[in-house]
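> If it helps, the file is called work.txt and holds compact mmCIF, C-alpha atoms:
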# COMPACT_ATOMS: atom_id res chain seq x y z
CA MET A 891 -2.37 6.56 -53.85
CA LYS A 892 -5.90 7.18 -55.05
CA LYS A 893 -7.77 4.49 -56.96
CA ASN A 894 -8.55 6.77 -59.95
CA LEU A 895 -4.92 7.68 -60.41
CA GLY A 896 -3.88 4.06 -60.13
CA LYS A 897 -6.41 2.97 -62.73
CA PHE A 898 -5.26 5.69 -65.12
CA LEU A 899 -1.62 4.64 -64.83
CA LEU A 900 -2.51 1.00 -65.20
CA ASP A 901 -4.57 1.59 -68.35
CA PHE A 902 -1.80 3.70 -69.82
CA LEU A 903 0.88 1.08 -69.20
CA GLN A 904 -1.30 -1.77 -70.45
CA ASN A 905 -2.06 0.07 -73.70
CA SER A 906 1.62 0.78 -74.15
CA LEU A 907 2.40 -2.88 -73.54
CA PHE A 908 -0.09 -4.11 -76.10
CA ARG A 909 1.40 -1.70 -78.64
CA LEU A 910 4.83 -3.09 -77.80
CA LEU A 911 3.59 -6.65 -78.31
CA HIS A 912 2.12 -5.67 -81.65
CA PHE A 913 5.42 -4.11 -82.65
CA VAL A 914 7.37 -7.18 -81.53
CA ARG A 915 5.20 -9.54 -83.49
CA ASN A 916 4.99 -7.54 -86.71
CA ASP A 917 7.89 -5.13 -87.03
CA CYS A 918 10.93 -7.03 -85.79
CA HIS A 919 12.97 -8.42 -88.71
CA CYS A 920 15.21 -10.71 -86.72
CA GLU A 921 13.53 -13.83 -85.32
CA GLU A 922 15.86 -13.95 -82.33
CA GLU A 923 15.23 -10.28 -81.58
CA ARG A 924 11.49 -10.81 -81.89
CA ARG A 925 11.61 -13.75 -79.49
CA SER A 926 13.68 -11.81 -76.96
CA ASN A 927 11.35 -8.81 -77.04
CA LEU A 928 8.34 -11.10 -76.71
CA ILE A 929 9.74 -12.68 -73.54
CA PHE A 930 10.43 -9.22 -72.14
CA ALA A 931 6.92 -8.01 -72.98
CA ARG A 932 5.29 -11.02 -71.34
CA SER A 933 7.42 -10.54 -68.19
CA LEU A 934 6.37 -6.92 -68.09
CA LEU A 935 2.73 -7.98 -68.38
CA VAL A 936 3.07 -10.34 -65.39
CA PHE A 937 4.72 -7.59 -63.39
CA LEU A 938 1.90 -5.18 -64.17
CA ALA A 939 -0.69 -7.75 -63.17
CA LEU A 940 0.99 -8.26 -59.79
CA TRP A 941 1.45 -4.52 -59.39
CA HIS A 942 -2.24 -4.05 -60.11
CA VAL A 943 -3.21 -6.32 -57.21
CA GLU A 944 -0.84 -4.55 -54.84
CA LEU A 945 -2.03 -1.14 -56.00
CA PHE A 946 -5.68 -1.76 -55.28
CA ALA A 947 -5.07 -3.70 -52.03
CA SER A 948 -3.07 -0.82 -50.52
CA THR A 949 -6.02 1.51 -49.94
CA TYR A 950 -5.00 2.41 -46.40
CA LEU A 951 -2.04 3.77 -44.49
CA TRP A 952 -1.26 3.42 -40.78
CA HIS A 953 0.37 6.12 -38.63
CA VAL A 954 1.80 5.48 -35.14
CA GLU A 955 3.08 7.87 -32.50
CA THR A 956 3.99 8.19 -28.82
CA ASP A 957 4.46 11.22 -26.61
CA LYS A 958 7.64 9.92 -24.96
CA LYS A 959 10.99 8.50 -25.96
CA SER A 960 11.80 7.85 -22.29
CA ALA A 961 9.57 7.42 -19.24
CA PHE A 962 9.78 6.41 -15.60
CA VAL A 963 8.34 3.20 -14.21
CA ASN A 964 4.56 3.73 -13.63
CA GLU A 965 4.58 6.97 -15.60
CA PRO A 966 1.79 7.07 -18.22
CA ILE A 967 2.91 6.62 -21.84
CA TYR A 968 0.54 7.84 -24.56
CA LEU A 969 0.29 5.74 -27.76
CA LYS A 970 -1.78 6.53 -30.84
CA TYR A 971 -2.47 4.32 -33.87
CA SER A 972 -4.53 5.63 -36.78
CA CYS A 973 -5.49 4.11 -40.10
CA GLU A 974 -6.40 6.41 -43.00
CA PHE A 975 -8.22 4.92 -45.98
CA SER A 976 -8.24 6.32 -49.48
CA ASP A 977 -12.06 6.41 -49.52
CA ARG A 978 -15.00 5.63 -47.24
CA ALA A 979 -13.78 2.01 -47.01
CA GLU A 980 -17.27 0.66 -46.36
CA LEU A 981 -16.12 -2.90 -47.04
CA TYR A 982 -13.24 -2.78 -44.57
CA ALA A 983 -13.18 -3.68 -40.88
CA ILE A 984 -10.25 -3.60 -38.44
CA ASP A 985 -9.57 -5.98 -35.59
CA PHE A 986 -7.03 -4.25 -33.33
CA ASN A 987 -7.10 -4.77 -29.56
CA PRO A 988 -3.69 -5.00 -27.87
CA VAL A 989 -5.12 -4.01 -24.46
CA GLY A 990 -3.81 -6.19 -21.66
CA GLU A 991 -1.10 -6.71 -19.09
CA ASN A 992 2.17 -8.59 -19.00
CA GLU A 993 5.38 -8.57 -16.99
CA LYS A 994 6.71 -5.50 -18.79
CA TYR A 995 3.72 -3.16 -18.97
CA SER A 996 -0.04 -2.74 -18.70
CA LEU A 997 -1.95 -1.22 -21.63
CA LYS A 998 -5.36 0.43 -21.35
CA LEU A 999 -7.65 1.78 -24.06
CA LEU A 1000 -8.19 5.53 -23.83
CA SER A 1001 -10.40 5.97 -26.90
CA GLN A 1002 -11.41 4.46 -30.24
CA ASN A 1003 -12.95 6.61 -32.95
CA THR A 1004 -14.09 6.26 -36.55
CA LYS A 1005 -14.80 9.32 -38.67
CA VAL A 1006 -14.99 10.32 -42.34
CA ILE A 1007 -13.18 13.47 -43.46
CA ASP A 1008 -13.25 14.60 -47.10
CA GLY A 1009 -14.64 11.23 -48.13
CA LYS A 1010 -11.88 9.27 -46.36
CA LYS A 1011 -12.46 6.99 -43.40
CA ILE A 1012 -10.04 7.42 -40.49
CA VAL A 1013 -9.97 4.94 -37.63
CA SER A 1014 -7.91 5.92 -34.58
CA TYR A 1015 -6.96 4.18 -31.34
CA GLU A 1016 -5.46 5.84 -28.26
CA PHE A 1017 -3.82 3.85 -25.47
CA ILE A 1018 -2.14 4.57 -22.14
CA ALA A 1019 0.70 2.27 -21.12
CA PHE A 1020 2.34 1.94 -17.71
CA ALA A 1021 5.81 0.40 -17.71
CA LYS A 1022 6.67 -2.02 -14.92
CA LYS A 1023 10.39 -2.60 -15.46
CA VAL A 1024 13.48 -0.55 -16.13
CA GLY A 1025 15.08 -0.94 -19.56
CA ALA A 1026 14.22 -0.81 -23.25
CA LEU A 1027 10.51 -1.30 -23.85
CA GLU A 1028 9.08 -2.08 -27.29
CA PHE A 1029 5.42 -1.92 -28.25
CA GLU A 1030 5.01 -4.38 -31.10
CA PHE A 1031 1.41 -4.99 -32.14
CA GLU A 1032 -0.50 -6.54 -35.02
CA ALA A 1033 -3.76 -5.44 -36.64
CA LEU A 1034 -6.08 -7.67 -38.63
CA MET A 1035 -7.37 -5.92 -41.77
CA LYS A 1036 -10.62 -7.53 -42.91
CA GLU A 1037 -12.16 -6.87 -46.33
CA THR A 1038 -15.47 -8.19 -47.58
CA ASN A 1039 -17.57 -7.57 -50.69
CA LYS A 1040 -21.05 -6.30 -51.40
CA ASP A 1041 -22.34 -9.74 -52.35
CA SER A 1042 -21.38 -11.16 -48.94
CA ILE A 1043 -23.13 -8.31 -47.15
CA GLU A 1044 -26.27 -8.66 -49.32
CA ASN A 1045 -26.34 -12.42 -48.74
CA ARG A 1046 -26.31 -11.90 -44.99
CA ASN A 1047 -28.91 -9.13 -45.07
CA LEU A 1048 -31.24 -11.16 -47.31
CA GLY A 1049 -30.61 -14.44 -45.51
CA ARG A 1050 -29.30 -16.19 -48.58
CA ASP A 1051 -27.54 -19.52 -48.33
CA ASN A 1052 -28.25 -19.63 -44.58
CA MET A 1053 -25.51 -17.04 -44.00
CA ASP A 1054 -25.52 -15.40 -40.57
CA HIS A 1055 -22.16 -13.70 -40.88
CA VAL A 1056 -20.10 -11.70 -43.35
CA GLU A 1057 -17.22 -13.42 -45.08
CA TYR A 1058 -13.91 -11.58 -44.98
CA SER A 1059 -10.56 -11.86 -46.62
CA THR A 1060 -7.99 -10.96 -43.96
CA VAL A 1061 -4.49 -9.57 -43.90
CA THR A 1062 -2.34 -9.47 -40.73
CA LEU A 1063 -0.51 -6.18 -40.56
CA ARG A 1064 2.48 -5.76 -38.25
CA GLN A 1065 2.53 -2.25 -36.80
CA GLU A 1066 5.61 -0.09 -36.65
CA ILE A 1067 7.50 -0.78 -33.40
CA LEU A 1068 7.51 2.03 -30.85
CA SER A 1069 10.45 2.05 -28.45
CA VAL A 1070 10.61 3.74 -25.04
CA ASP A 1071 13.54 3.83 -22.62
CA VAL A 1072 12.15 3.12 -19.13
CA LEU A 1073 13.91 4.71 -16.14
CA GLU A 1074 13.74 3.86 -12.45
CA SER A 1075 11.30 5.93 -10.36
CA ALA A 1076 11.94 6.67 -6.71
CA SER A 1077 8.39 5.65 -5.65
CA ASP A 1078 5.69 3.25 -6.82
CA LEU A 1079 3.25 6.17 -6.74
CA VAL A 1080 3.99 8.42 -9.73
CA GLY A 1081 2.15 11.59 -10.74
CA SER A 1082 1.00 14.83 -9.16
CA PHE A 1083 -1.22 14.73 -6.07
CA VAL A 1084 -2.78 16.86 -3.33
CA LEU A 1085 -3.54 15.54 0.17
CA GLU A 1086 -6.60 16.76 2.08
CA VAL A 1087 -8.17 15.71 5.40
CA LYS A 1088 -11.76 16.41 6.39
CA LYS A 1089 -12.59 15.99 10.08
CA ASP A 1090 -15.09 16.75 12.82
CA GLU A 1091 -14.55 19.31 15.54
CA PRO A 1092 -11.92 17.65 17.79
CA LYS A 1093 -14.16 17.81 20.88
CA ILE A 1094 -16.47 14.85 21.45
CA LYS A 1095 -18.18 12.93 24.24
CA ALA A 1096 -17.02 9.54 25.46
CA HIS A 1097 -17.99 6.76 23.05
CA GLU A 1098 -19.13 9.30 20.47
CA PRO A 1099 -17.50 8.73 17.04
CA PHE A 1100 -14.97 11.22 15.70
CA HIS A 1101 -15.15 11.19 11.90
CA MET A 1102 -12.25 11.82 9.54
CA GLU A 1103 -11.78 11.41 5.79
CA ILE A 1104 -8.47 11.28 3.92
CA ILE A 1105 -8.72 12.59 0.34
CA VAL A 1106 -6.09 12.37 -2.40
CA LYS A 1107 -6.68 14.34 -5.62
CA GLY A 1108 -4.58 14.54 -8.75
CA GLU A 1109 -3.22 12.58 -11.69
CA GLY A 1110 -1.18 9.39 -11.68
CA ASN A 1111 -1.35 5.69 -10.96
CA PHE A 1112 -3.93 5.72 -8.14
CA GLU A 1113 -3.78 1.93 -7.92
CA ALA A 1114 -0.44 2.30 -6.10
CA LEU A 1115 -2.13 4.13 -3.21
CA LYS A 1116 -2.38 1.92 -0.13
CA ALA A 1117 -5.12 2.08 2.49
CA TYR A 1118 -4.15 4.01 5.63
CA ASP A 1119 -4.04 2.13 8.91
CA PHE A 1120 -4.03 3.60 12.43
CA ASN A 1121 -3.24 1.91 15.74
CA ILE A 1122 -4.02 4.13 18.73
CA SER A 1123 -4.04 2.71 22.26
CA GLY A 1124 -7.47 2.74 23.89
CA VAL A 1125 -9.23 3.78 20.67
CA LYS A 1126 -11.48 1.64 18.50
CA ILE A 1127 -11.01 2.57 14.85
CA PHE A 1128 -13.52 1.87 12.10
CA SER A 1129 -12.33 2.28 8.53
CA GLN A 1130 -13.94 1.93 5.13
CA LYS A 1131 -12.23 0.46 2.12
CA PRO A 1132 -10.76 3.22 -0.08
CA ILE A 1133 -13.07 4.57 -2.77
CA GLU A 1134 -11.74 5.61 -6.18
CA ASN A 1135 -13.55 8.03 -8.46
CA ILE A 1136 -11.10 8.26 -11.34
CA THR A 1137 -11.05 8.39 -15.14
CA LEU A 1138 -8.33 7.59 -17.65
CA THR A 1139 -6.83 10.59 -19.45
CA LYS A 1140 -3.84 11.26 -21.66
CA ASP A 1141 -1.85 12.04 -18.50
CA GLY A 1142 -2.88 8.82 -16.76
CA PHE A 1143 -5.66 8.39 -14.23
CA SER A 1144 -7.23 11.59 -12.94
CA GLY A 1145 -9.68 12.00 -10.07
CA VAL A 1146 -10.17 11.47 -6.35
CA TRP A 1147 -9.23 8.69 -3.90
CA SER A 1148 -10.76 8.74 -0.43
CA GLN A 1149 -10.95 6.69 2.78
CA LYS A 1150 -13.26 7.32 5.78
CA PHE A 1151 -12.61 6.62 9.44
CA ALA A 1152 -14.48 6.75 12.75
CA PHE A 1153 -12.54 6.88 16.04
CA VAL A 1154 -14.26 5.97 19.32
CA SER A 1155 -12.77 6.38 22.77
CA GLU A 1156 -13.63 7.25 26.35
CA LYS A 1157 -10.51 9.37 26.89
CA ASP A 1158 -8.44 11.94 25.02
CA PHE A 1159 -6.38 10.62 22.11
CA GLU A 1160 -4.14 11.80 19.30
CA ILE A 1161 -4.28 10.89 15.62
CA PRO A 1162 -0.70 10.79 14.28
CA GLN A 1163 0.62 12.67 11.27
CA ILE A 1164 -0.62 11.60 7.85
CA PHE A 1165 1.94 11.37 5.06
CA LEU A 1166 1.78 10.97 1.29
CA HIS A 1167 4.98 10.37 -0.71
CA TYR A 1168 5.02 10.28 -4.50
CA PHE A 1169 7.41 10.73 -7.40
CA ASP A 1170 6.84 13.74 -9.64
CA ALA A 1171 8.01 12.56 -13.08
CA LYS A 1172 7.94 16.06 -14.57
CA GLU A 1173 10.21 17.50 -11.89
CA GLN A 1174 11.97 14.14 -11.44
CA LYS A 1175 11.95 14.20 -7.65
CA ILE A 1176 10.16 12.80 -4.60
CA LYS A 1177 7.52 15.03 -3.04
CA GLU A 1178 6.01 14.71 0.42
CA MET A 1179 2.58 15.86 1.53
CA LYS A 1180 1.54 15.71 5.18
CA GLN A 1181 -1.14 16.64 7.69
CA ASP A 1182 -0.13 17.46 11.26
CA ALA A 1183 -1.06 15.24 14.19
CA LEU A 1184 -4.49 15.99 15.67
CA SER A 1185 -5.42 15.93 19.36
CA VAL A 1186 -9.04 15.00 20.14
CA GLN A 1187 -10.54 15.99 23.48
CA VAL A 1188 -13.03 13.53 24.94
CA SER A 1189 -15.44 14.62 27.68
CA GLU A 1190 -17.67 12.47 29.88
CA GLY A 1191 -20.57 11.01 27.97
CA PHE A 1192 -23.00 8.13 28.24
CA VAL A 1193 -22.91 5.89 31.31
CA LYS A 1194 -23.32 2.21 30.65
CA GLU A 1195 -25.92 1.62 33.35
CA GLU A 1196 -28.15 4.39 31.99
CA LEU A 1197 -28.57 2.49 28.69
CA LEU A 1198 -29.22 -0.95 30.24
CA ASP A 1199 -32.33 -2.35 31.88
CA ALA A 1200 -32.08 -2.56 35.64
CA ASP A 1201 -31.89 -6.36 35.55
CA GLU A 1202 -29.13 -6.30 32.93
CA ALA A 1203 -27.15 -3.69 34.85
CA GLN A 1204 -27.28 -5.80 37.96
CA MET A 1205 -26.29 -9.00 36.14
CA SER A 1206 -23.19 -7.35 34.73
CA PHE A 1207 -21.68 -7.32 38.19
CA LEU A 1208 -22.68 -10.85 39.28
CA LYS A 1209 -19.82 -13.14 40.22
CA LEU A 1210 -20.77 -16.50 38.71
CA ASP A 1211 -18.61 -19.55 38.14
CA TYR A 1212 -18.97 -19.14 34.38
CA LEU A 1213 -18.45 -15.39 34.34
CA TYR A 1214 -15.59 -14.17 32.21
CA TYR A 1215 -14.50 -10.85 30.78
CA PHE A 1216 -12.74 -9.83 27.64
CA LEU A 1217 -12.05 -6.51 26.12
CA THR A 1218 -14.09 -5.67 23.03
CA PHE A 1219 -13.58 -2.14 21.81
CA ILE A 1220 -16.49 -2.06 19.39
CA THR A 1221 -17.27 1.44 20.58
CA GLY A 1222 -14.20 1.97 22.65
CA PHE A 1223 -15.06 0.68 26.09
CA LEU A 1224 -15.06 -2.53 28.17
CA VAL A 1225 -17.90 -4.96 27.49
CA ALA A 1226 -18.61 -7.79 29.93
CA LYS A 1227 -19.69 -10.98 28.20
CA ILE A 1228 -21.50 -13.31 30.57
CA LYS A 1229 -22.41 -16.94 30.11
CA ILE A 1230 -25.87 -17.18 31.71
CA ARG A 1231 -29.24 -18.74 31.07
CA LYS A 1232 -31.20 -17.82 27.95
CA ARG A 1233 -32.92 -14.48 28.12
CA VAL A 1234 -36.59 -14.47 28.82
CA PRO A 1235 -39.04 -12.88 26.36
CA HIS A 1236 -39.53 -9.99 28.79
CA ALA A 1237 -35.86 -8.99 28.35
CA ILE A 1238 -36.20 -9.09 24.54
CA ASP A 1239 -39.32 -6.92 24.64
CA ALA A 1240 -37.61 -4.46 26.97
CA PHE A 1241 -34.58 -4.27 24.68
CA ALA A 1242 -36.79 -3.69 21.64
CA GLU A 1243 -38.61 -0.92 23.49
CA LYS A 1244 -35.32 0.73 24.41
CA VAL A 1245 -34.26 0.61 20.74
CA GLN A 1246 -37.49 2.28 19.66
CA ASN A 1247 -37.07 4.99 22.32
CA ALA A 1248 -33.52 5.90 21.22
CA LYS A 1249 -33.34 9.62 20.45
CA SER A 1250 -30.32 9.53 18.11
CA LEU A 1251 -28.16 7.18 16.07
CA GLU A 1252 -25.35 7.62 18.62
CA GLU A 1253 -27.59 6.51 21.47
CA LEU A 1254 -28.83 3.58 19.37
CA CYS A 1255 -25.23 2.46 18.79
CA MET A 1256 -24.52 2.47 22.49
CA ILE A 1257 -27.61 0.36 23.21
CA LEU A 1258 -26.70 -2.19 20.56
CA VAL A 1259 -23.08 -2.52 21.64
CA LEU A 1260 -23.99 -2.98 25.27
CA LYS A 1261 -26.54 -5.59 24.33
CA ASP A 1262 -24.40 -7.78 22.05
CA ALA A 1263 -21.19 -6.25 20.69
CA GLN A 1264 -20.41 -9.03 18.25
CA LYS A 1265 -23.91 -9.46 16.85
CA TYR A 1266 -24.39 -5.80 16.02
CA SER A 1267 -20.79 -4.84 15.12
CA ASP A 1268 -21.37 -4.71 11.33
CA PHE A 1269 -24.53 -2.67 11.75
CA VAL A 1270 -22.85 -0.22 14.13
CA LEU A 1271 -20.02 0.23 11.65
CA LYS A 1272 -22.50 1.23 8.93
CA ILE A 1273 -23.88 3.90 11.25
CA GLU A 1274 -20.44 5.17 12.32
CA THR A 1275 -19.28 5.46 8.71
CA LYS A 1276 -22.58 7.12 7.74
CA GLU A 1277 -23.77 4.39 5.39
CA ILE A 1278 -26.97 4.58 7.43
CA THR A 1279 -28.06 8.11 8.34
CA SER A 1280 -31.78 7.68 9.04
CA LEU A 1281 -32.75 6.84 12.63
CA LYS A 1282 -36.11 5.48 11.46
CA ILE A 1283 -34.54 3.09 8.96
CA ALA A 1284 -31.93 2.04 11.53
CA LYS A 1285 -34.63 1.12 14.04
CA GLU A 1286 -36.51 -0.91 11.44
CA ILE A 1287 -33.37 -2.88 10.60
CA VAL A 1288 -32.60 -3.51 14.27
CA ALA A 1289 -36.15 -4.78 14.79
CA LEU A 1290 -35.49 -7.42 12.13
CA LEU A 1291 -32.13 -8.31 13.68
CA ILE A 1292 -33.74 -8.79 17.10
CA VAL A 1293 -36.22 -11.30 15.68
CA HIS A 1294 -33.39 -13.30 14.11
As structure tokens, please, write out the structure in this file.

Amino acid sequence: MKKNLGKFLLDFLQNSLFRLLHFVRNDCHCEEERRSNLIFARSLLVFLALWHVELFASTYLWHVETDKKSAFVNEPIYLKYSCEFSDRAELYAIDFNPVGENEKYSLKLLSQNTKVIDGKKIVSYEFIAFAKKVGALEFEFEALMKETNKDSIENRNLGRDNMDHVEYSTVTLRQEILSVDVLESASDLVGSFVLEVKKDEPKIKAHEPFHMEIIVKGEGNFEALKAYDFNISGVKIFSQKPIENITLTKDGFSGVWSQKFAFVSEKDFEIPQIFLHYFDAKEQKIKEMKQDALSVQVSEGFVKEELLDADEAQMSFLKLDYLYYFLTFITGFLVAKIKIRKRVPHAIDAFAEKVQNAKSLEELCMILVLKDAQKYSDFVLKIETKEITSLKIAKEIVALLIVH
């Protein structure tokens, strides 16, 4: 109800009441009747006073809505709460932040907007909820309505009375309860997705990396996607942590999820089929996406002795009491680790020269692995996964690693 209309009605009723009081006091002939009417008039006056407070405090109205009466577990549920004021409501502030997570659901803020239309302030909040359990789910929130006055604002702005904040009178408002019936979904991953695989030409040289990227696009709860893991005999596999480039929308999260791999081997190998299973809530059924198995042909490539100094190549075949071997597939082949005397400066200088003479990142990786597989494993991984793509920068980094 508008303030002007309320004031008009209040003035009208008060004037009528005062006329009634005047009539009671002066025109009633019976004392008992006069006393009874006086009590009634005073009661009416108290009622009007209380009604006046309620009338002018109720200058706003909340509206709540949801797009679903029922939803599947992990299916996005859209919630909207809006507060419409009767005027610009410059003295009002709202504290409303139910975002969070509990055992029944997680709630995320989609948007919060304040605008003035036809002289009325409208504050709206949009949320996306994801149910975790089957059963009846109720969203029951509270908003804190805070009202101040012009004097409090002026005191803060002018620094009066050492005030550094605005004083508010507050009212806790319990929102209308929204109920949703949550149904069981046949998969933790719910939404609509597309599976893509980007890959190199499946013909490489021995110890040369074969690159592949798994890409999932669509809408849904991307957080349910698990990192892919491959185990192929005789193949060293490098993998990056999955990368998410997603945004929250009314239909849940929308965007792209991706994971990169590098496969290194000295013989032919096969990458198995790649599957993606998810539950389509709109069609209410499980869907399966897949990429066929891929055979990679590996031809003869670098020879170990060609990348080592002559002295190092000879030492790799020495039979010493402390010699021992173990398999380290950092780049997919056997590395001999030998317990011998400390290397002389000449060997370090020769290794550094070989690094500087490397003609490609692939050749540089081979040199590093053959030199010290464990020491340079992290650096090699950055090259194989294309975090480092400049040969010049790679050589400068290696030069620093050699010193240390």
> Residues of range 965-990 of chain A that approach range 1017-1033 of chain A to 6 Å or less, counting all atoms listed in the file: could you list each one with the shortest pair of atoms and its distance in Å to one decimal, rows by chain and increasing residue number, as a Markdown table?

| residue | atom | partner | partner_atom | distance |
| --- | --- | --- | --- | --- |
| A:Glu965 | CA | A:Phe1020 | CA | 5.9 |
| A:Pro966 | CA | A:Phe1020 | CA | 5.2 |
| A:Ile967 | CA | A:Ala1019 | CA | 4.9 |
| A:Tyr968 | CA | A:Ile1018 | CA | 4.9 |
| A:Leu969 | CA | A:Phe1017 | CA | 5.1 |
| A:Asp985 | CA | A:Ala1033 | CA | 5.9 |
| A:Phe986 | CA | A:Ala1033 | CA | 4.8 |
> Pull C-alpha atoms from the residues just selected and write them as a CSV table (one decimal), in the coordinates of the input.

chain,number,residue,atom,x,y,z
A,965,GLU,CA,4.6,7.0,-15.6
A,966,PRO,CA,1.8,7.1,-18.2
A,967,ILE,CA,2.9,6.6,-21.8
A,968,TYR,CA,0.5,7.8,-24.6
A,969,LEU,CA,0.3,5.7,-27.8
A,985,ASP,CA,-9.6,-6.0,-35.6
A,986,PHE,CA,-7.0,-4.2,-33.3
> Have a look at A:Ala1263, A:Ala1242, A:Val1080, A:Leu981 and name the one nearest to Glu1173 in chain A; count all atoms listed in the file.
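The closest residue to Glu1173 in chain A is A:Val1080.
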> Considering all atoms listed in the file, can you say which of A:Phe1100, A:Phe1241, A:Phe1169, A:Phe975 comes closest to Phe962 in chain A?
A:Phe1169
> For Glu1109 in chain A, please output as an NGL selection string all residues within 12 Å (counting all atoms listed in the file; exclusion window: fewer than 6 positions along the same chain).
:A and (964-966 or 1079-1084 or 1135-1147 or 1168-1171)
> Please produce an output containing C-alpha atoms for each residue in the selection, written as a compact mmCIF listing (two decimals), keeping the file's coordinate frame.

# COMPACT_ATOMS: atom_id res chain seq x y z
CA ASN A 964 4.56 3.73 -13.63
CA GLU A 965 4.58 6.97 -15.60
CA PRO A 966 1.79 7.07 -18.22
CA LEU A 1079 3.25 6.17 -6.74
CA VAL A 1080 3.99 8.42 -9.73
CA GLY A 1081 2.15 11.59 -10.74
CA SER A 1082 1.00 14.83 -9.16
CA PHE A 1083 -1.22 14.73 -6.07
CA VAL A 1084 -2.78 16.86 -3.33
CA ASN A 1135 -13.55 8.03 -8.46
CA ILE A 1136 -11.10 8.26 -11.34
CA THR A 1137 -11.05 8.39 -15.14
CA LEU A 1138 -8.33 7.59 -17.65
CA THR A 1139 -6.83 10.59 -19.45
CA LYS A 1140 -3.84 11.26 -21.66
CA ASP A 1141 -1.85 12.04 -18.50
CA GLY A 1142 -2.88 8.82 -16.76
CA PHE A 1143 -5.66 8.39 -14.23
CA SER A 1144 -7.23 11.59 -12.94
CA GLY A 1145 -9.68 12.00 -10.07
CA VAL A 1146 -10.17 11.47 -6.35
CA TRP A 1147 -9.23 8.69 -3.90
CA TYR A 1168 5.02 10.28 -4.50
CA PHE A 1169 7.41 10.73 -7.40
CA ASP A 1170 6.84 13.74 -9.64
CA ALA A 1171 8.01 12.56 -13.08
> Which of these, A:Asp1239, A:Glu980, A:Glu1252, A:Asp957, has the shortest distance to Ser1280 in chain A once you count all atoms listed in the file?
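Looking at the shortest contact to Ser1280 in chain A, the residue is A:Glu1252.
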> Separation of CA of Leu1291 in chain A and CA of Asp1262 in chain A, in Å?
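Separation between CA of Leu1291 in chain A and CA of Asp1262 in chain A: 11.4 Å.
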> Enter the distance from CA of Ser1077 in chain A to CA of Ile1133 in chain A, in Å, rounded to one decimal.
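Taking CA of Ser1077 in chain A and CA of Ile1133 in chain A, their separation equals 21.7 Å.
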> Grab the CA of Ser1250 in chain A to CA of Ala1289 in chain A distance for me, in Å with one decimal place.
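Between CA of Ser1250 in chain A and CA of Ala1289 in chain A the gap works out to 15.8 Å.
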> What's around range 1178-1184 of chain A at 9 Å? Count all atoms listed in the file, leave out sequence neighbours fewer than 4 positions away in its own chain, and write the answer as a PDB file with C-alpha atoms, keeping the file's coordinate frame.

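See result_9.pdb below for the written result:
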ATOM      1  CA  PHE A1083      -1.220  14.730  -6.070  1.00  0.00           C
ATOM      2  CA  VAL A1084      -2.780  16.860  -3.330  1.00  0.00           C
ATOM      3  CA  LEU A1085      -3.540  15.540   0.170  1.00  0.00           C
ATOM      4  CA  GLU A1086      -6.600  16.760   2.080  1.00  0.00           C
ATOM      5  CA  VAL A1087      -8.170  15.710   5.400  1.00  0.00           C
ATOM      6  CA  PRO A1092     -11.920  17.650  17.790  1.00  0.00           C
ATOM      7  CA  PHE A1159      -6.380  10.620  22.110  1.00  0.00           C
ATOM      8  CA  GLU A1160      -4.140  11.800  19.300  1.00  0.00           C
ATOM      9  CA  ILE A1161      -4.280  10.890  15.620  1.00  0.00           C
ATOM     10  CA  PRO A1162      -0.700  10.790  14.280  1.00  0.00           C
ATOM     11  CA  GLN A1163       0.620  12.670  11.270  1.00  0.00           C
ATOM     12  CA  ILE A1164      -0.620  11.600   7.850  1.00  0.00           C
ATOM     13  CA  PHE A1165       1.940  11.370   5.060  1.00  0.00           C
ATOM     14  CA  LEU A1166       1.780  10.970   1.290  1.00  0.00           C
ATOM     15  CA  HIS A1167       4.980  10.370  -0.710  1.00  0.00           C
ATOM     16  CA  TYR A1168       5.020  10.280  -4.500  1.00  0.00           C
ATOM     17  CA  PHE A1169       7.410  10.730  -7.400  1.00  0.00           C
TER      18      PHE A1169
END
